[in-house]
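Asker: run_1.txt is reproduced below (compact mmCIF, C-alpha atoms).
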```txt
# COMPACT_ATOMS: atom_id res chain seq x y z
CA MET A 1 -5.96 68.97 19.80
CA ALA A 2 -7.95 72.25 19.75
CA ASN A 3 -4.68 74.22 19.69
CA ASN A 4 -3.60 72.30 16.61
CA MET A 5 -6.71 73.46 14.74
CA LEU A 6 -5.84 77.07 15.54
CA PHE A 7 -3.13 77.06 12.86
CA ASP A 8 -5.09 75.12 10.23
CA ALA A 9 -5.69 76.92 6.94
CA GLN A 10 -7.46 76.38 3.68
CA PRO A 11 -5.36 76.15 0.50
CA ARG A 12 -7.11 79.30 -0.76
CA THR A 13 -5.87 81.21 2.30
CA LEU A 14 -2.30 80.03 1.70
CA LYS A 15 -2.52 81.10 -1.94
CA ILE A 16 -3.72 84.55 -0.90
CA LEU A 17 -0.85 84.87 1.58
CA ALA A 18 1.62 83.75 -1.09
CA ALA A 19 0.18 86.32 -3.50
CA LEU A 20 0.45 89.07 -0.85
CA VAL A 21 4.14 88.28 -0.34
CA TRP A 22 4.63 88.23 -4.13
CA TYR A 23 2.91 91.62 -4.59
CA SER A 24 4.60 93.21 -1.59
CA GLY A 25 7.95 92.16 -3.09
CA PHE A 26 6.96 93.92 -6.31
CA VAL A 27 5.98 97.13 -4.51
CA VAL A 28 9.11 97.27 -2.34
CA LEU A 29 11.50 96.48 -5.17
CA TYR A 30 9.82 98.89 -7.58
CA ILE A 31 10.06 101.74 -5.06
CA LYS A 32 13.62 100.80 -4.14
CA SER A 33 14.75 100.64 -7.77
CA SER A 34 13.10 103.99 -8.46
CA ILE A 35 15.00 105.57 -5.58
CA LEU A 36 18.27 104.10 -6.87
CA PHE A 37 17.59 105.40 -10.40
CA VAL A 38 16.90 108.89 -9.00
CA GLU A 39 20.09 108.78 -6.92
CA ALA A 40 22.11 107.69 -9.96
CA HIS A 41 20.56 110.48 -12.03
CA LYS A 42 21.66 113.04 -9.42
CA ILE A 43 25.25 111.86 -9.88
CA ASN A 44 25.11 111.81 -13.68
CA ASP A 45 22.21 113.57 -15.34
CA ASN A 46 22.72 111.78 -18.67
CA LEU A 47 19.21 110.44 -19.24
CA THR A 48 20.36 108.13 -22.03
CA TRP A 49 22.11 105.78 -19.60
CA THR A 50 19.30 105.96 -17.08
CA TRP A 51 16.58 105.13 -19.63
CA LEU A 52 18.72 102.38 -21.15
CA ALA A 53 19.10 100.87 -17.68
CA VAL A 54 15.33 101.09 -17.11
CA ALA A 55 14.69 99.33 -20.44
CA ILE A 56 17.19 96.61 -19.55
CA GLY A 57 15.49 96.16 -16.16
CA PHE A 58 12.06 95.71 -17.76
CA ALA A 59 13.39 93.37 -20.47
CA ALA A 60 15.34 91.24 -17.99
CA GLY A 61 12.26 91.10 -15.76
CA ALA A 62 10.09 89.86 -18.62
CA ILE A 63 12.59 87.11 -19.36
CA LYS A 64 12.86 86.14 -15.69
CA SER A 65 9.09 86.06 -15.44
CA LYS A 66 8.63 83.81 -18.43
CA TYR A 67 11.39 81.32 -17.69
CA LEU A 68 11.70 81.31 -13.89
CA PHE A 69 9.19 83.19 -11.74
CA ARG A 70 6.07 81.88 -13.48
CA ASN A 71 7.28 78.30 -13.04
CA LEU A 72 8.18 78.89 -9.39
CA CYS A 73 4.74 80.35 -8.76
CA ILE A 74 2.91 77.44 -10.40
CA LYS A 75 5.10 74.92 -8.58
CA ASN A 76 4.27 76.52 -5.23
CA LEU A 77 0.55 76.61 -6.00
CA LYS A 78 0.64 72.92 -6.89
CA ARG A 79 2.51 72.20 -3.64
CA ILE A 80 -0.12 74.08 -1.65
CA ASN A 81 -2.84 71.97 -3.28
CA THR A 82 -1.12 68.76 -2.19
CA LEU A 83 -0.86 69.70 1.51
CA GLU A 84 -2.99 67.30 3.53
CA GLN A 85 -3.51 69.47 6.60
CA PRO A 86 -2.25 72.90 5.60
CA LYS A 87 -0.98 75.21 8.31
CA ILE A 88 -1.04 78.99 8.06
CA TRP A 89 2.76 79.27 7.71
CA GLN A 90 2.99 76.84 4.77
CA PHE A 91 2.27 79.39 2.02
CA TYR A 92 5.98 79.07 1.15
CA ARG A 93 8.51 76.45 2.18
CA MET A 94 10.91 77.36 4.97
CA PRO A 95 14.03 77.33 2.71
CA PHE A 96 12.33 79.89 0.44
CA LEU A 97 11.50 82.12 3.41
CA ILE A 98 15.11 81.90 4.63
CA PHE A 99 16.32 82.72 1.10
CA LEU A 100 13.89 85.66 0.93
CA PHE A 101 15.06 87.01 4.29
CA SER A 102 18.71 86.66 3.17
CA MET A 103 18.00 88.57 -0.05
CA ILE A 104 16.29 91.37 1.89
CA VAL A 105 19.28 91.73 4.22
CA LEU A 106 21.74 91.57 1.31
CA GLY A 107 19.73 94.14 -0.64
CA LEU A 108 19.68 96.52 2.32
CA PHE A 109 23.43 96.13 2.81
CA LEU A 110 24.24 96.64 -0.88
CA SER A 111 21.95 99.66 -1.16
CA GLN A 112 23.84 101.36 1.68
CA TRP A 113 27.24 100.32 0.36
CA ILE A 114 26.80 101.65 -3.19
CA HIS A 115 25.78 105.24 -2.38
CA GLY A 116 27.69 107.67 -4.56
CA ASN A 117 28.79 105.04 -7.11
CA TYR A 118 26.95 105.74 -10.35
CA ALA A 119 27.65 102.41 -12.09
CA MET A 120 26.76 100.36 -9.02
CA LEU A 121 23.58 102.37 -8.43
CA LEU A 122 22.43 101.70 -11.98
CA THR A 123 23.39 98.03 -11.73
CA MET A 124 21.52 97.54 -8.47
CA ALA A 125 18.52 99.48 -9.79
CA VAL A 126 18.40 97.25 -12.89
CA ILE A 127 18.56 94.10 -10.77
CA GLU A 128 15.80 95.27 -8.45
CA LEU A 129 13.60 96.56 -11.29
CA SER A 130 14.01 93.27 -13.15
CA ILE A 131 12.90 91.28 -10.10
CA ALA A 132 9.99 93.66 -9.47
CA THR A 133 8.91 93.30 -13.10
CA ALA A 134 9.20 89.51 -12.93
CA LEU A 135 7.12 89.41 -9.76
CA LEU A 136 4.38 91.57 -11.25
CA THR A 137 4.21 89.91 -14.66
CA SER A 138 4.25 86.39 -13.23
CA SER A 139 1.63 87.14 -10.58
CA HIS A 140 -1.20 86.30 -12.95
CA CYS A 141 -0.51 82.67 -12.00
CA PHE A 142 -2.21 83.29 -8.69
CA TRP A 143 -5.45 84.21 -10.42
CA THR A 144 -5.39 82.02 -13.54
CA ALA A 145 -3.95 78.73 -12.25
CA PRO A 146 -6.61 76.03 -11.93
CA THR A 147 -7.50 75.32 -8.32
CA ASP A 148 -7.10 71.56 -8.76
CA GLN A 149 -3.46 71.67 -9.94
```
Turn the structure described in the file into structure tokens.

Answerer:
Amino acid sequence: MANNMLFDAQPRTLKILAALVWYSGFVVLYIKSSILFVEAHKINDNLTWTWLAVAIGFAAGAIKSKYLFRNLCIKNLKRINTLEQPKIWQFYRMPFLIFLFSMIVLGLFLSQWIHGNYAMLLTMAVIELSIATALLTSSHCFWTAPTDQ
């Protein structure tokens, strides 16, 4: 029974862990998209296309944040609040963690595969920047959501 208590956690701890994953996703994807934009710019130094792609990434991220990521964040926080005996690994559901791992592997594969292809570099950079933007702009849910939700 004492071993079982070792993995017990408070909902606040789970929310902090969830926020850390959320913010680390932002940091990694922002850096990765920046690298892809720089690589694309080395292939074609036309700044018009690069800046247009950046603007599209930010705009798409804002839309994703408002209509998807914010709701996912709130839903997870509500789920955490309903856990009767929360365990340290329950900051996200297992299917989400599997999905996240799959997206990381796919992103790594695609990033290697698209080297040298200007259009694909810009496309991948836009996708990653939009997700990074959505993660950052929806993260306020971790700090503004009522604790009794």

Asker: Using all atoms listed in the file, which of the listed residues (A:Met5, A:Val21, A:Met124, A:Ile35) sits closest to Phe96 (chain A)?

Answerer: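 Looking only at the distances to Phe96 (chain A), the closest residue turns out to be A:Val21.
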
Asker: Would you place a box with edges along x, y and z of the file around all atoms of region 74-83 of chain A listed there, add 3 Å to each of its six sides, and report the centre and edge lengths in Å to one decimal, as lines of an AutoDock Vina configuration file?

Answerer:
```
center_x = 1.1
center_y = 73.1
center_z = -4.4
size_x = 13.9
size_y = 14.7
size_z = 17.9
```

Asker: Between A:Leu106, A:Leu83, A:Cys73, A:Ala53, which has the minimum distance to Ile127 (chain A) (counting only C-alpha atoms)?

Answerer: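 Nearest to Ile127 (chain A): A:Ala53.
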
Asker: Find, counting all atoms listed in the file, the residue in A:Thr144, A:Ile114, A:Ile43, A:Lys15 that gets nearest to Arg79 (chain A).

Answerer: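 The answer is A:Lys15, which sits nearest to Arg79 (chain A).
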
Asker: Given the choices A:Trp143, A:Trp113, A:Phe37, A:Trp22, which gets closest to Phe91 (chain A) if the distance is worked out from only C-alpha atoms?

Answerer: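 Checking each of A:Trp143, A:Trp113, A:Phe37, A:Trp22 against Phe91 (chain A), counting only C-alpha atoms, the winner is A:Trp22.
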
Asker: Compare A:Arg12, A:Asn44, A:Val28, A:Ser138 by their minimum atom-to-atom distance to Gly107 (chain A), counting only C-alpha atoms, and give me the closest one.

Answerer: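 Closest to Gly107 (chain A), using only C-alpha atoms: A:Val28.
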
Asker: Which residue gives the smallest distance to Val54 (chain A) among A:His41, A:Lys78, A:Arg93, A:Arg70, with all atoms listed in the file counted?

Answerer: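 Nearest to Val54 (chain A): A:His41.
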
Asker: Just how far from CA of Thr123 (chain A) is CA of Leu68 (chain A), in Å to one decimal?

Answerer: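 These two atoms are separated by 20.5 Å.
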
Asker: Since fewer atoms than expected are present, regenerate N, CA and C atoms for region 8-21 of chain A and write them as a tab-separated table (two decimals), keeping the file's coordinate frame.

Answerer:
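As written to disk, result39.tsv reads:
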```tsv
chain	number	residue	atom	x	y	z
A	8	ASP	N	-4.62	75.71	11.48
A	8	ASP	CA	-5.09	75.12	10.23
A	8	ASP	C	-5.50	76.23	9.26
A	9	ALA	N	-5.33	75.94	7.97
A	9	ALA	CA	-5.69	76.92	6.94
A	9	ALA	C	-6.21	76.20	5.71
A	10	GLN	N	-6.98	76.89	4.95
A	10	GLN	CA	-7.46	76.38	3.68
A	10	GLN	C	-6.41	76.69	2.60
A	11	PRO	N	-6.30	75.85	1.59
A	11	PRO	CA	-5.36	76.15	0.50
A	11	PRO	C	-5.58	77.54	-0.10
A	12	ARG	N	-6.81	77.96	-0.21
A	12	ARG	CA	-7.11	79.30	-0.76
A	12	ARG	C	-6.46	80.39	0.09
A	13	THR	N	-6.50	80.24	1.40
A	13	THR	CA	-5.87	81.21	2.30
A	13	THR	C	-4.37	81.26	2.08
A	14	LEU	N	-3.75	80.09	1.93
A	14	LEU	CA	-2.30	80.03	1.70
A	14	LEU	C	-1.94	80.69	0.37
A	15	LYS	N	-2.78	80.48	-0.64
A	15	LYS	CA	-2.52	81.10	-1.94
A	15	LYS	C	-2.64	82.62	-1.85
A	16	ILE	N	-3.58	83.10	-1.09
A	16	ILE	CA	-3.72	84.55	-0.90
A	16	ILE	C	-2.50	85.12	-0.17
A	17	LEU	N	-2.05	84.43	0.86
A	17	LEU	CA	-0.85	84.87	1.58
A	17	LEU	C	0.38	84.87	0.67
A	18	ALA	N	0.50	83.82	-0.14
A	18	ALA	CA	1.62	83.75	-1.09
A	18	ALA	C	1.55	84.91	-2.08
A	19	ALA	N	0.36	85.21	-2.56
A	19	ALA	CA	0.18	86.32	-3.50
A	19	ALA	C	0.52	87.65	-2.82
A	20	LEU	N	0.13	87.82	-1.57
A	20	LEU	CA	0.45	89.07	-0.85
A	20	LEU	C	1.96	89.27	-0.71
A	21	VAL	N	2.68	88.19	-0.42
A	21	VAL	CA	4.14	88.28	-0.34
A	21	VAL	C	4.70	88.64	-1.72
```
